[in-house]
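Colleague: File name start_7.txt; file contents compact mmCIF, C-alpha atoms and all ligand atoms; full text below.
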# COMPACT_ATOMS: atom_id res chain seq x y z
CA MET O 1 31.27 17.12 -22.78
CA THR O 2 32.57 17.00 -19.22
CA LEU O 3 34.22 13.94 -17.77
CA TRP O 4 31.27 13.45 -15.38
CA SER O 5 28.63 13.49 -18.07
CA ARG O 6 30.70 10.97 -20.02
CA LEU O 7 30.94 8.77 -16.93
CA LEU O 8 27.22 8.96 -16.29
CA GLY O 9 26.44 8.03 -19.87
CA ARG O 10 23.56 9.19 -21.99
CA PRO O 11 21.44 6.18 -22.88
CA GLU O 12 19.54 8.20 -25.48
CA THR O 13 22.72 8.68 -27.51
CA PRO O 14 24.23 5.22 -27.88
CA ARG O 15 27.89 5.22 -28.71
CA ALA O 16 30.94 3.06 -28.39
CA LEU O 17 32.86 2.77 -25.12
CA PRO O 18 34.50 6.16 -24.63
CA ALA O 19 38.23 6.07 -24.88
CA PRO O 20 40.02 6.15 -21.54
CA ASP O 21 41.56 9.45 -20.46
CA PRO O 22 44.45 9.54 -22.97
CA ARG O 23 46.98 11.24 -20.67
CA PRO O 24 49.42 8.55 -19.52
CA GLU O 25 49.68 9.99 -16.00
CA THR O 26 45.92 9.60 -15.41
CA THR O 27 44.79 6.74 -17.67
CA SER O 28 44.71 4.07 -15.00
CA VAL O 29 43.55 6.15 -12.05
CA ARG O 30 40.61 7.93 -13.71
CA ARG O 31 37.22 6.25 -13.84
CA THR O 32 36.17 4.59 -17.07
CA ALA O 33 32.68 4.71 -18.55
CA TRP O 34 30.23 1.89 -18.97
CA PRO O 35 29.43 1.02 -22.59
CA ASP O 36 26.19 2.58 -23.78
CA GLY O 37 23.80 0.64 -25.96
CA THR O 38 20.20 0.13 -26.89
CA ALA O 39 20.14 -3.49 -25.66
CA ARG O 40 19.58 -4.18 -22.00
CA ALA O 41 21.00 -6.95 -19.83
CA LEU O 42 18.38 -9.55 -18.89
CA ALA O 43 19.92 -10.34 -15.49
CA THR O 44 20.01 -7.53 -12.93
CA PRO O 45 23.48 -5.93 -12.85
CA ILE O 46 25.31 -5.73 -9.52
CA GLN O 47 26.07 -2.13 -8.57
CA PRO O 48 28.71 -2.12 -5.83
CA SER O 49 29.47 1.59 -6.10
CA VAL O 50 29.60 3.42 -2.78
CA VAL O 51 29.04 6.78 -4.39
CA TYR O 52 27.06 8.29 -7.26
CA GLY O 53 28.06 11.27 -9.38
CA SER O 54 25.37 13.73 -10.36
CA ALA O 55 25.15 16.65 -12.76
CA GLY O 56 25.66 19.39 -10.15
CA PRO O 57 24.33 20.98 -6.94
CA ASP O 58 20.81 21.61 -8.29
CA SER O 59 20.49 18.03 -9.38
CA LEU O 60 21.92 16.71 -6.09
CA ASP O 61 19.36 18.80 -4.22
CA ALA O 62 16.59 17.33 -6.34
CA ILE O 63 17.78 13.77 -5.70
CA TYR O 64 18.03 14.26 -1.93
CA GLU O 65 14.56 15.79 -1.89
CA GLY O 66 13.12 12.97 -3.98
CA ARG O 67 12.12 15.23 -6.89
CA GLU O 68 14.53 13.41 -9.21
CA ALA O 69 15.30 9.72 -9.31
CA GLY O 70 18.83 8.78 -8.38
CA PHE O 71 21.27 7.70 -5.72
CA THR O 72 23.91 9.58 -3.75
CA TYR O 73 25.78 7.30 -1.39
CA ALA O 74 25.27 3.56 -0.87
CA ARG O 75 24.42 3.75 2.83
CA GLU O 76 21.47 5.98 1.86
CA GLY O 77 20.28 3.53 -0.78
CA HIS O 78 21.45 1.70 -3.89
CA PRO O 79 19.86 0.11 -6.97
CA ASN O 80 20.21 -3.54 -5.88
CA ALA O 81 18.41 -2.85 -2.59
CA ASP O 82 15.67 -0.95 -4.40
CA VAL O 83 15.14 -3.67 -7.00
CA LEU O 84 14.80 -6.24 -4.22
CA ALA O 85 12.58 -4.03 -2.05
CA ARG O 86 10.15 -3.38 -4.94
CA LYS O 87 9.84 -7.14 -5.55
CA ILE O 88 9.05 -7.89 -1.89
CA ASP O 89 6.68 -4.89 -1.81
CA ALA O 90 4.75 -6.53 -4.63
CA LEU O 91 4.64 -9.88 -2.80
CA GLU O 92 3.44 -8.25 0.44
CA GLY O 93 1.08 -5.72 -1.12
CA ALA O 94 3.29 -3.03 0.43
CA GLU O 95 4.63 0.32 -0.72
CA GLY O 96 8.08 1.82 -0.18
CA GLY O 97 9.54 -1.08 1.83
CA LEU O 98 13.14 -0.92 2.93
CA VAL O 99 15.81 -3.61 2.63
CA THR O 100 18.27 -3.70 5.54
CA GLY O 101 21.45 -5.60 6.36
CA SER O 102 19.77 -8.39 8.35
CA GLY O 103 16.39 -9.48 9.66
CA MET O 104 17.37 -8.13 13.06
CA SER O 105 18.22 -4.73 11.62
CA ALA O 106 14.71 -4.68 10.12
CA VAL O 107 13.25 -5.39 13.59
CA THR O 108 15.53 -2.66 14.97
CA ALA O 109 14.33 -0.13 12.37
CA ALA O 110 10.70 -0.97 13.10
CA VAL O 111 11.08 -0.54 16.85
CA LEU O 112 13.83 2.05 17.43
CA GLY O 113 13.06 4.02 14.28
CA VAL O 114 9.52 4.63 15.50
CA LEU O 115 9.47 4.56 19.33
CA LYS O 116 11.11 6.77 21.93
CA ALA O 117 12.13 6.48 25.59
CA GLY O 118 9.02 6.34 27.76
CA ASP O 119 7.02 4.33 25.23
CA HIS O 120 5.81 0.81 25.97
CA VAL O 121 5.76 -2.20 23.63
CA ILE O 122 3.78 -5.41 23.93
CA GLY O 123 5.65 -8.34 22.41
CA ALA O 124 4.78 -11.97 21.89
CA ASP O 125 6.38 -14.21 24.50
CA ARG O 126 7.81 -16.62 21.92
CA LEU O 127 9.65 -14.23 19.63
CA TYR O 128 12.78 -15.10 17.65
CA GLY O 129 15.77 -15.35 20.05
CA ARG O 130 17.36 -11.98 19.31
CA SER O 131 14.01 -10.16 19.18
CA GLN O 132 13.35 -11.76 22.54
CA ARG O 133 16.62 -10.40 23.89
CA MET O 134 15.85 -6.96 22.46
CA MET O 135 12.52 -6.97 24.29
CA ALA O 136 13.97 -8.27 27.54
CA GLU O 137 17.27 -6.33 27.71
CA ASP O 138 17.96 -3.70 25.11
CA LEU O 139 14.68 -1.81 24.94
CA PRO O 140 14.37 -1.44 28.73
CA ARG O 141 18.01 -0.23 28.83
CA LEU O 142 17.02 2.50 26.36
CA GLY O 143 13.98 3.48 28.37
CA ILE O 144 11.38 1.61 26.34
CA GLU O 145 9.31 -0.62 28.61
CA THR O 146 8.14 -3.99 27.36
CA THR O 147 5.58 -6.63 28.33
CA GLN O 148 5.55 -10.07 26.73
CA VAL O 149 2.32 -12.02 26.45
CA ASP O 150 0.93 -15.06 24.67
CA ALA O 151 0.14 -13.76 21.17
CA GLY O 152 -2.64 -16.30 20.90
CA ASP O 153 -4.46 -14.76 23.86
CA ALA O 154 -6.41 -11.63 22.92
CA ALA O 155 -7.34 -10.88 26.55
CA ALA O 156 -3.67 -11.00 27.56
CA ILE O 157 -2.75 -8.54 24.79
CA GLU O 158 -5.57 -6.22 25.76
CA GLY O 159 -4.71 -6.54 29.47
CA ALA O 160 -1.09 -5.50 28.88
CA ILE O 161 -2.02 -2.14 27.36
CA ARG O 162 -0.89 0.95 29.32
CA PRO O 163 -1.38 4.63 28.55
CA GLU O 164 2.14 4.73 27.04
CA THR O 165 1.76 1.60 24.89
CA ARG O 166 2.59 2.36 21.26
CA MET O 167 3.27 -0.95 19.54
CA ILE O 168 2.44 -4.67 19.46
CA LEU O 169 5.15 -6.92 17.96
CA ILE O 170 4.24 -10.50 17.00
CA GLU O 171 5.28 -13.34 14.70
CA VAL O 172 2.49 -15.18 12.88
CA VAL O 173 3.95 -18.63 13.59
CA SER O 174 6.37 -19.04 16.50
CA ASN O 175 9.66 -20.86 16.76
CA PRO O 176 10.01 -23.80 17.35
CA MET O 177 6.57 -24.95 18.60
CA LEU O 178 4.75 -23.32 15.65
CA ARG O 179 2.08 -21.63 17.76
CA VAL O 180 -0.15 -19.35 15.71
CA ALA O 181 -0.76 -15.75 16.86
CA ASP O 182 -4.28 -14.36 16.98
CA LEU O 183 -3.45 -11.82 14.28
CA THR O 184 -7.09 -10.89 13.78
CA ALA O 185 -7.57 -10.01 17.45
CA ALA O 186 -4.21 -8.20 17.64
CA ALA O 187 -5.19 -6.07 14.63
CA ARG O 188 -8.61 -5.30 16.09
CA ILE O 189 -7.09 -4.29 19.44
CA ALA O 190 -4.33 -2.22 17.80
CA LYS O 191 -6.87 -0.35 15.69
CA ALA O 192 -9.28 0.27 18.56
CA ARG O 193 -6.54 1.50 20.90
CA GLY O 194 -4.46 3.46 18.36
CA LEU O 195 -1.41 1.15 18.54
CA LEU O 196 0.92 0.08 15.76
CA LEU O 197 0.82 -3.64 14.95
CA ALA O 198 4.21 -4.93 13.71
CA VAL O 199 4.25 -8.45 12.28
CA ASP O 200 7.39 -10.49 11.63
CA ASN O 201 6.32 -12.61 8.65
CA THR O 202 9.58 -14.58 8.25
CA PHE O 203 8.20 -18.08 8.92
CA THR O 204 4.96 -17.65 7.01
CA THR O 205 6.14 -15.47 4.09
CA PRO O 206 3.64 -13.67 1.82
CA ARG O 207 2.87 -17.08 0.32
CA GLY O 208 1.32 -18.03 3.66
CA ILE O 209 -0.19 -14.69 4.67
CA ARG O 210 -0.03 -11.00 3.72
CA PRO O 211 -0.28 -9.28 7.12
CA PHE O 212 -1.23 -5.86 5.67
CA GLU O 213 -4.47 -7.44 4.45
CA HIS O 214 -5.18 -8.48 8.07
CA GLY O 215 -4.63 -5.05 9.60
CA ALA O 216 -0.86 -4.98 10.25
CA ASP O 217 0.77 -1.54 10.22
CA ILE O 218 4.35 -2.78 9.82
CA VAL O 219 5.61 -5.99 8.18
CA ILE O 220 9.09 -7.36 8.85
CA HIS O 221 11.11 -10.13 7.19
CA SER O 222 14.36 -11.90 7.62
CA ILE O 223 15.00 -12.22 3.86
CA THR O 224 17.89 -14.48 4.90
CA LYS O 225 15.46 -17.35 5.32
CA LEU O 226 12.78 -18.49 2.87
CA LEU O 227 12.65 -15.45 0.60
CA ALA O 228 16.33 -15.61 -0.41
CA GLY O 229 16.27 -19.35 0.19
CA HIS O 230 19.88 -20.37 -0.41
CA SER O 231 21.61 -19.52 2.92
CA ASP O 232 24.09 -17.21 1.21
CA ALA O 233 22.71 -13.72 1.93
CA THR O 234 21.90 -12.04 5.27
CA LEU O 235 19.20 -9.38 4.78
CA GLY O 236 16.01 -7.93 6.23
CA TYR O 237 12.97 -6.04 4.99
CA VAL O 238 10.57 -3.69 6.71
CA ALA O 239 7.53 -1.90 5.29
CA ALA O 240 4.86 0.29 6.84
CA ARG O 241 1.39 1.23 5.71
CA ASP O 242 1.82 4.86 6.80
CA ALA O 243 4.17 7.13 4.81
CA ASP O 244 5.33 9.02 7.90
CA ILE O 245 6.32 5.78 9.67
CA ARG O 246 8.13 4.68 6.50
CA THR O 247 10.16 7.89 6.47
CA ARG O 248 11.07 7.52 10.13
CA MET O 249 12.22 3.93 9.68
CA ARG O 250 14.24 4.80 6.57
CA THR O 251 15.89 7.84 8.15
CA PHE O 252 16.81 5.82 11.24
CA ALA O 253 18.16 2.94 9.12
CA VAL O 254 20.41 5.11 6.94
CA THR O 255 21.56 7.17 9.93
CA LEU O 256 22.43 4.14 12.06
CA GLY O 257 23.90 2.34 9.04
CA LEU O 258 21.61 -0.70 8.79
CA THR O 259 22.58 -0.85 5.10
CA PRO O 260 22.44 -4.05 3.02
CA SER O 261 25.27 -5.18 0.76
CA PRO O 262 24.54 -4.84 -2.98
CA PHE O 263 25.88 -8.33 -3.60
CA ASP O 264 23.60 -9.83 -0.92
CA CYS O 265 20.65 -7.97 -2.45
CA TRP O 266 21.57 -9.35 -5.85
CA LEU O 267 21.77 -12.91 -4.48
CA ALA O 268 18.42 -12.54 -2.69
CA GLU O 269 16.73 -11.16 -5.80
CA ARG O 270 18.09 -14.11 -7.76
CA GLY O 271 16.75 -16.44 -5.07
CA LEU O 272 13.31 -14.83 -5.25
CA TYR O 273 12.78 -15.88 -8.85
CA SER O 274 12.08 -19.40 -7.62
CA PHE O 275 10.43 -18.46 -4.32
CA GLU O 276 6.90 -19.70 -5.06
CA LEU O 277 8.12 -22.99 -6.51
CA ARG O 278 10.43 -23.56 -3.57
CA TYR O 279 7.80 -22.67 -1.00
CA ASP O 280 5.11 -24.88 -2.48
CA ARG O 281 7.44 -27.86 -2.81
CA ALA O 282 8.90 -27.49 0.69
CA GLU O 283 5.42 -27.09 2.16
CA ALA O 284 4.11 -30.20 0.41
CA ASN O 285 7.15 -32.14 1.71
CA ALA O 286 6.54 -30.79 5.22
CA ALA O 287 2.89 -31.88 5.18
CA ARG O 288 3.91 -35.41 4.17
CA LEU O 289 6.62 -35.52 6.85
CA ALA O 290 4.15 -34.38 9.52
CA GLU O 291 1.86 -37.26 8.51
CA ARG O 292 4.61 -39.85 8.43
CA LEU O 293 6.50 -39.07 11.65
CA PRO O 294 3.85 -40.03 14.25
CA GLY O 295 3.83 -43.65 13.12
CA LEU O 296 7.57 -44.10 13.70
CA PRO O 297 9.11 -45.68 16.80
CA GLY O 298 10.33 -43.38 19.57
CA ILE O 299 8.38 -40.31 18.41
CA ARG O 300 6.64 -38.66 21.35
CA SER O 301 4.99 -35.78 19.55
CA VAL O 302 4.79 -34.06 16.17
CA THR O 303 3.93 -30.39 15.77
CA TYR O 304 2.68 -28.99 12.48
CA PRO O 305 -0.08 -26.37 12.13
CA GLY O 306 -1.69 -28.44 9.38
CA ARG O 307 -2.27 -31.35 11.74
CA ARG O 308 -5.65 -31.57 13.44
CA ASP O 309 -3.97 -32.23 16.79
CA HIS O 310 -2.07 -28.91 16.65
CA PRO O 311 -3.42 -26.65 19.42
CA ASP O 312 -3.94 -23.76 16.95
CA HIS O 313 -5.04 -25.80 13.96
CA ALA O 314 -8.37 -24.00 13.54
CA ARG O 315 -6.75 -20.57 13.70
CA ALA O 316 -3.96 -21.66 11.36
CA HIS O 317 -6.59 -22.87 8.93
CA ALA O 318 -8.54 -19.63 9.08
CA LEU O 319 -5.53 -17.30 8.91
CA LEU O 320 -3.27 -19.16 6.52
CA GLY O 321 -5.92 -20.65 4.28
CA GLY O 322 -4.29 -24.05 4.22
CA ARG O 323 -0.75 -22.73 3.73
CA PHE O 324 0.83 -24.35 6.77
CA GLY O 325 4.46 -23.78 5.79
CA ASN O 326 7.64 -25.81 5.67
CA MET O 327 8.49 -26.12 9.36
CA VAL O 328 7.85 -29.32 11.33
CA THR O 329 8.85 -29.88 14.96
CA PHE O 330 8.99 -33.25 16.68
CA THR O 331 10.14 -34.69 20.00
CA LEU O 332 11.93 -38.01 20.40
CA GLU O 333 11.86 -40.28 23.41
CA GLY O 334 15.30 -40.82 24.93
CA GLY O 335 16.54 -37.26 25.53
CA ARG O 336 19.96 -35.96 24.47
CA GLU O 337 21.35 -39.41 23.66
CA ALA O 338 18.59 -40.15 21.20
CA ALA O 339 19.06 -36.63 19.80
CA ASN O 340 22.76 -37.24 19.22
CA ARG O 341 22.00 -40.57 17.53
CA LEU O 342 19.45 -38.95 15.22
CA VAL O 343 21.88 -36.28 14.01
CA ALA O 344 24.64 -38.84 13.50
CA ALA O 345 22.33 -41.09 11.51
CA ALA O 346 20.92 -38.31 9.32
CA GLU O 347 24.20 -38.02 7.47
CA HIS O 348 22.85 -36.26 4.37
CA ILE O 349 20.78 -33.70 6.25
CA ALA O 350 22.60 -30.66 7.60
CA PHE O 351 22.36 -30.11 11.35
CA ALA O 352 22.34 -26.33 11.27
CA PRO O 353 20.46 -23.63 13.20
CA THR O 354 18.73 -21.84 10.33
CA LEU O 355 15.61 -22.26 8.24
CA GLY O 356 14.37 -21.73 4.74
CA ASP O 357 17.28 -23.23 2.84
CA VAL O 358 16.60 -25.12 -0.41
CA SER O 359 17.79 -28.28 1.30
CA THR O 360 16.35 -29.68 4.51
CA THR O 361 18.09 -28.66 7.73
CA ILE O 362 17.43 -29.84 11.27
CA SER O 363 18.08 -27.86 14.39
CA HIS O 364 18.01 -28.64 18.09
CA PRO O 365 16.48 -25.70 19.98
CA ALA O 366 17.81 -26.80 23.40
CA THR O 367 21.42 -26.29 22.22
CA SER O 368 20.85 -23.41 19.78
CA SER O 369 17.93 -20.93 19.70
CA HIS O 370 16.81 -21.67 23.27
CA ARG O 371 20.12 -22.53 24.93
CA ALA O 372 20.05 -19.43 27.14
CA MET O 373 16.88 -20.68 28.88
CA SER O 374 16.75 -23.02 31.85
CA PRO O 375 15.52 -26.57 31.12
CA GLU O 376 12.37 -25.72 33.13
CA ALA O 377 11.66 -22.60 31.08
CA ARG O 378 12.19 -24.60 27.90
CA ALA O 379 9.91 -27.36 29.14
CA ALA O 380 7.19 -24.78 29.77
CA LEU O 381 7.35 -23.97 26.05
CA GLY O 382 7.34 -27.67 25.12
CA ILE O 383 11.03 -27.82 24.19
CA GLU O 384 12.85 -30.89 25.49
CA GLU O 385 16.25 -32.50 24.87
CA GLY O 386 14.60 -34.72 22.28
CA THR O 387 12.97 -31.83 20.39
CA PHE O 388 14.04 -31.12 16.81
CA ARG O 389 12.86 -28.50 14.39
CA VAL O 390 12.97 -29.46 10.73
CA SER O 391 13.14 -26.78 8.05
CA VAL O 392 11.91 -28.91 5.19
CA GLY O 393 13.55 -28.31 1.81
CA ILE O 394 12.71 -29.11 -1.79
CA GLU O 395 14.32 -32.54 -2.12
CA PRO O 396 12.35 -35.36 -3.81
CA GLU O 397 9.72 -36.25 -1.26
CA ASP O 398 10.22 -40.02 -1.07
CA LEU O 399 13.97 -39.73 -0.68
CA LEU O 400 13.66 -37.14 2.08
CA LEU O 401 11.04 -39.12 3.99
CA ALA O 402 13.11 -42.29 3.76
CA GLU O 403 16.19 -40.49 5.11
CA ILE O 404 14.36 -38.98 8.05
CA GLU O 405 12.57 -42.23 8.81
CA ALA O 406 15.91 -44.11 8.85
CA ALA O 407 17.42 -41.50 11.19
CA VAL O 408 14.44 -41.68 13.57
CA ARG O 409 14.65 -45.48 13.63
CA ALA O 410 18.40 -45.29 14.32
CA ALA O 411 17.79 -42.81 17.15
CA SER O 412 15.24 -45.06 18.82
CA GLY O 413 17.97 -47.73 18.92
C1 LIG S 1 16.09 -15.34 11.52
C2 LIG S 1 14.97 -14.54 12.02
C3 LIG S 1 15.14 -13.17 12.33
C4 LIG S 1 16.47 -12.49 12.22
O1 LIG S 1 16.94 -12.48 10.90
P1 LIG S 1 18.50 -12.36 10.54
O2 LIG S 1 18.47 -12.18 9.06
O3 LIG S 1 19.17 -13.60 10.99
O4 LIG S 1 19.01 -11.16 11.26
C5 LIG S 1 14.05 -12.46 12.79
N1 LIG S 1 12.85 -13.05 12.95
C6 LIG S 1 12.65 -14.35 12.66
C7 LIG S 1 11.29 -14.93 12.85
C8 LIG S 1 13.70 -15.14 12.19
O5 LIG S 1 13.50 -16.44 11.91
Using structure tokens, write down the structure that the file contains.
Ligand SMILES: *Cc1c(COP(=O)(O)O)cnc(C)c1O

Modeller:
Amino acid sequence: MTLWSRLLGRPETPRALPAPDPRPETTSVRRTAWPDGTARALATPIQPSVVYGSAGPDSLDAIYEGREAGFTYAREGHPNADVLARKIDALEGAEGGLVTGSGMSAVTAAVLGVLKAGDHVIGADRLYGRSQRMMAEDLPRLGIETTQVDAGDAAAIEGAIRPETRMILIEVVSNPMLRVADLTAAARIAKARGLLLAVDNTFTTPRGIRPFEHGADIVIHSITKLLAGHSDATLGYVAARDADIRTRMRTFAVTLGLTPSPFDCWLAERGLYSFELRYDRAEANAARLAERLPGLPGIRSVTYPGRRDHPDHARAHALLGGRFGNMVTFTLEGGREAANRLVAAAEHIAFAPTLGDVSTTISHPATSSHRAMSPEARAALGIEEGTFRVSVGIEPEDLLLAEIEAAVRAASG
């Protein structure tokens, strides 16, 4: 038996751990084998290996061509990414999705893996900050023209179409004002005009909506947020309905090196085991918070798609079927000073610009996600110095509400 076949192991012939290479000069430097056995670990193993041995050139050919299962080199794919991708595929009703090194690399794969110079993209005008920058700066620099429109306005989407338009990129629920895109209209327009509809489903997750069932061609996630849920792994996911688009995104991602870390994939998969429980609890907490906040002193407005006074409530109801999510945005009277007082008073709640963590976090768009905008441009979106976005976590509801209420009262002086 060759050294390689010993290293690879033969699960059908269980045996004890092979002895290390007995020659003293090579014992420590040569690779050791993994113990074979008929029992299987319950928890997913972490496979950090950069490279994979195979039986020989014929077999390597077969693996590269997809005729045999296996891996070659971690940038091209590894077991922890595949395990995670298959789980998110199942949640999204997708096939052959790809896990990438961040949510932004998933957006990158969806756009640059598919489009070419001369193409035109229509994007929502309230995209995630970095997607926004990509639309405004990076794509035009690479020769891809962009137009940004209100994703809730079907006529504006339709009106932005040019002969070279190839793609529409939207988020179901926007940050931080939680506006709801007209996904149904976008899908109808994309289908009628032969465009690809790409949907970033990070805020809503497959628990809120499965965009493929509404006509999306590409679905994108920042796994970093609610799916992984513990703020310890930075990852993205992208899947396409069409096999040719999938191949183009995957080839681009492995060529440009948008590879995820095996350890991050392992952490995210571990986080996913409790995803539904976390989502449901955080959402229930968010709904209660959105009911409680308006009665408190110094609160100017409260934004939550589940509230009847939300401008897109009817659409949110129709699209999300009552799953309004864990994000709540509110604006305090008293500007920056009140905002500083609120953060100081909320001593057990992290002031941190992320979302989807198990514990509640609050962020201040004017100094984080939207700091690059002028105050006037922010005001046009409804973002003021007193505006906070709450990513509601899974804490006991009464305790969380009491903490936030005390902080709001402290802020109002
Ligand atoms: C965070 C986020 C991203 C980017 O994800 P990263 O994992 O931080 O790269 C993209 N889209 C939305 C809607 C996000 O919230």

Colleague: Enclose the full set of atoms of ligand LIG 1 (chain S) listed in the file within a box whose edges lie along x, y and z, apply 4 Å of padding to each of the six sides, and report centre and edge lengths in Å to one decimal as AutoDock Vina command-line options.

Modeller:
--center_x 15.2 --center_y -13.8 --center_z 11.0 --size_x 15.9 --size_y 13.3 --size_z 11.9

Colleague: With all atoms listed in the file as the atoms that count, which of O:Leu226, O:Ile161, O:Val29, O:Ala411 lies nearest to ligand LIG 1 (chain S)?

Modeller: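 Of O:Leu226, O:Ile161, O:Val29, O:Ala411, the one nearest ligand LIG 1 (chain S), counting all atoms listed in the file, is O:Leu226.
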
Colleague: Which residue, O:Gly257, O:Pro375, O:Gly334, O:Gly101, has the smallest gap to ligand LIG 1 (chain S) when you use all atoms listed in the file?

Modeller: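 Among the listed residues, the smallest separation from ligand LIG 1 (chain S) belongs to O:Gly101.
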
Colleague: Per residue of chain O within 10 Å of ligand LIG 1 (chain S), note the shortest atom pair and the distance in Å to one decimal, counting only C-alpha atoms and all ligand atoms, and order the rows by chain and increasing residue number, as a Markdown table.

Modeller:
| residue | atom | partner | partner_atom | distance |
| --- | --- | --- | --- | --- |
| O:Thr100 | CA | S:LIG1 | O2 | 9.2 |
| O:Gly101 | CA | S:LIG1 | O2 | 7.7 |
| O:Ser102 | CA | S:LIG1 | O2 | 4.1 |
| O:Gly103 | CA | S:LIG1 | O1 | 3.3 |
| O:Met104 | CA | S:LIG1 | O4 | 3.9 |
| O:Ser105 | CA | S:LIG1 | O4 | 6.5 |
| O:Ala106 | CA | S:LIG1 | O4 | 7.9 |
| O:Val107 | CA | S:LIG1 | C5 | 7.2 |
| O:Thr108 | CA | S:LIG1 | O4 | 9.9 |
| O:Arg126 | CA | S:LIG1 | C7 | 9.9 |
| O:Leu127 | CA | S:LIG1 | C7 | 7.0 |
| O:Tyr128 | CA | S:LIG1 | C7 | 5.0 |
| O:Gly129 | CA | S:LIG1 | C5 | 8.0 |
| O:Arg130 | CA | S:LIG1 | C4 | 7.2 |
| O:Ser131 | CA | S:LIG1 | C5 | 6.8 |
| O:Gln132 | CA | S:LIG1 | N1 | 9.7 |
| O:Ile170 | CA | S:LIG1 | C7 | 9.3 |
| O:Glu171 | CA | S:LIG1 | C7 | 6.5 |
| O:Val172 | CA | S:LIG1 | C7 | 8.8 |
| O:Val173 | CA | S:LIG1 | C7 | 8.3 |
| O:Ser174 | CA | S:LIG1 | C7 | 7.4 |
| O:Asn175 | CA | S:LIG1 | C7 | 7.3 |
| O:Pro176 | CA | S:LIG1 | O5 | 9.8 |
| O:Val199 | CA | S:LIG1 | C7 | 9.6 |
| O:Asp200 | CA | S:LIG1 | C7 | 6.0 |
| O:Asn201 | CA | S:LIG1 | C7 | 6.9 |
| O:Thr202 | CA | S:LIG1 | C7 | 4.9 |
| O:Phe203 | CA | S:LIG1 | C7 | 5.9 |
| O:Thr204 | CA | S:LIG1 | C7 | 9.0 |
| O:Ile220 | CA | S:LIG1 | N1 | 8.0 |
| O:His221 | CA | S:LIG1 | N1 | 6.7 |
| O:Ser222 | CA | S:LIG1 | O1 | 4.2 |
| O:Ile223 | CA | S:LIG1 | O2 | 6.3 |
| O:Thr224 | CA | S:LIG1 | O2 | 4.8 |
| O:Lys225 | CA | S:LIG1 | C1 | 6.5 |
| O:Leu226 | CA | S:LIG1 | O5 | 9.3 |
| O:Ala233 | CA | S:LIG1 | O2 | 8.4 |
| O:Thr234 | CA | S:LIG1 | O2 | 5.1 |
| O:Leu235 | CA | S:LIG1 | O2 | 5.2 |
| O:Gly236 | CA | S:LIG1 | O2 | 5.7 |
| O:Tyr237 | CA | S:LIG1 | O2 | 9.2 |
| O:Pro353 | CA | S:LIG1 | C1 | 9.5 |
| O:Thr354 | CA | S:LIG1 | C1 | 7.1 |
| O:Leu355 | CA | S:LIG1 | O5 | 7.2 |
| O:Gly356 | CA | S:LIG1 | O5 | 9.0 |

Colleague: Kindly indicate which residue among O:Thr329, O:Ser301, O:Ser369, O:Gln148 lies nearest to Val121 of chain O, using only C-alpha atoms for the distances.

Modeller: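 The closest residue to Val121 of chain O is O:Gln148.
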
Colleague: Using only C-alpha atoms, which protein or nucleic acid residues come within 6 Å of segment 387-397 of chain O? Drop anything in the same chain fewer than 6 positions from it, and give the result as an mmCIF file with C-alpha atoms, in the coordinates of the input.

Modeller:
data_model
loop_
_atom_site.group_PDB
_atom_site.id
_atom_site.type_symbol
_atom_site.label_atom_id
_atom_site.label_comp_id
_atom_site.auth_asym_id
_atom_site.auth_seq_id
_atom_site.Cartn_x
_atom_site.Cartn_y
_atom_site.Cartn_z
ATOM 1 C CA ARG O 281 7.440 -27.860 -2.810
ATOM 2 C CA ALA O 282 8.900 -27.490 0.690
ATOM 3 C CA ASN O 285 7.150 -32.140 1.710
ATOM 4 C CA ALA O 286 6.540 -30.790 5.220
ATOM 5 C CA ASN O 326 7.640 -25.810 5.670
ATOM 6 C CA MET O 327 8.490 -26.120 9.360
ATOM 7 C CA VAL O 328 7.850 -29.320 11.330
ATOM 8 C CA THR O 329 8.850 -29.880 14.960
ATOM 9 C CA PHE O 330 8.990 -33.250 16.680
ATOM 10 C CA THR O 331 10.140 -34.690 20.000
ATOM 11 C CA LEU O 355 15.610 -22.260 8.240
ATOM 12 C CA VAL O 358 16.600 -25.120 -0.410
ATOM 13 C CA SER O 359 17.790 -28.280 1.300
ATOM 14 C CA THR O 360 16.350 -29.680 4.510
ATOM 15 C CA THR O 361 18.090 -28.660 7.730
ATOM 16 C CA ILE O 362 17.430 -29.840 11.270
ATOM 17 C CA SER O 363 18.080 -27.860 14.390
ATOM 18 C CA HIS O 364 18.010 -28.640 18.090
#

Colleague: Extract, using all atoms listed in the file, all DNA, RNA and protein residues at most 12 Å from Gly113 of chain O, discarding same-chain residues fewer than 2 positions from it, and format them as a PyMOL selection string.

Modeller: chain O and resi 105-111+115-117+218+238+240+244-256+258

Colleague: Considering all atoms listed in the file, state which residue in the set O:Arg315, O:Arg166, O:His78, O:Arg67 is at the smallest distance from Val180 of chain O.

Modeller: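 Of all the options, O:Arg315 lies closest to Val180 of chain O.
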
Colleague: Just give me the residues with any atom within 7 Å of (-0.1, -18.3, 23.1), file coordinates, counting all atoms listed in the file, written as a PyMOL selection string.

Modeller: chain O and resi 150-153+179+181

Colleague: Hey, what's within 6 Å of Glu269 of chain O if we count all atoms listed in the file and toss same-chain stuff fewer than 3 positions away? As a list in words, please?

Modeller: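 My list of contacting residues is Leu84, Trp266 and Leu272 of chain O.
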
Colleague: Pick out the residues sitting within 8 Å of Gly382 of chain O, and hand them over as an NGL selection string; count only C-alpha atoms, and ignore anything fewer than 3 positions along from it in its own chain.

Modeller: :O and (177 or 378-379)

Colleague: How would the residues just picked look written out with C-alpha atoms as a PDB file, in the frame of the given file?

Modeller:
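Generated output (part_15.pdb):
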ATOM      1  CA  MET O 177       6.570 -24.950  18.600  1.00  0.00           C
ATOM      2  CA  ARG O 378      12.190 -24.600  27.900  1.00  0.00           C
ATOM      3  CA  ALA O 379       9.910 -27.360  29.140  1.00  0.00           C
TER       4      ALA O 379
END
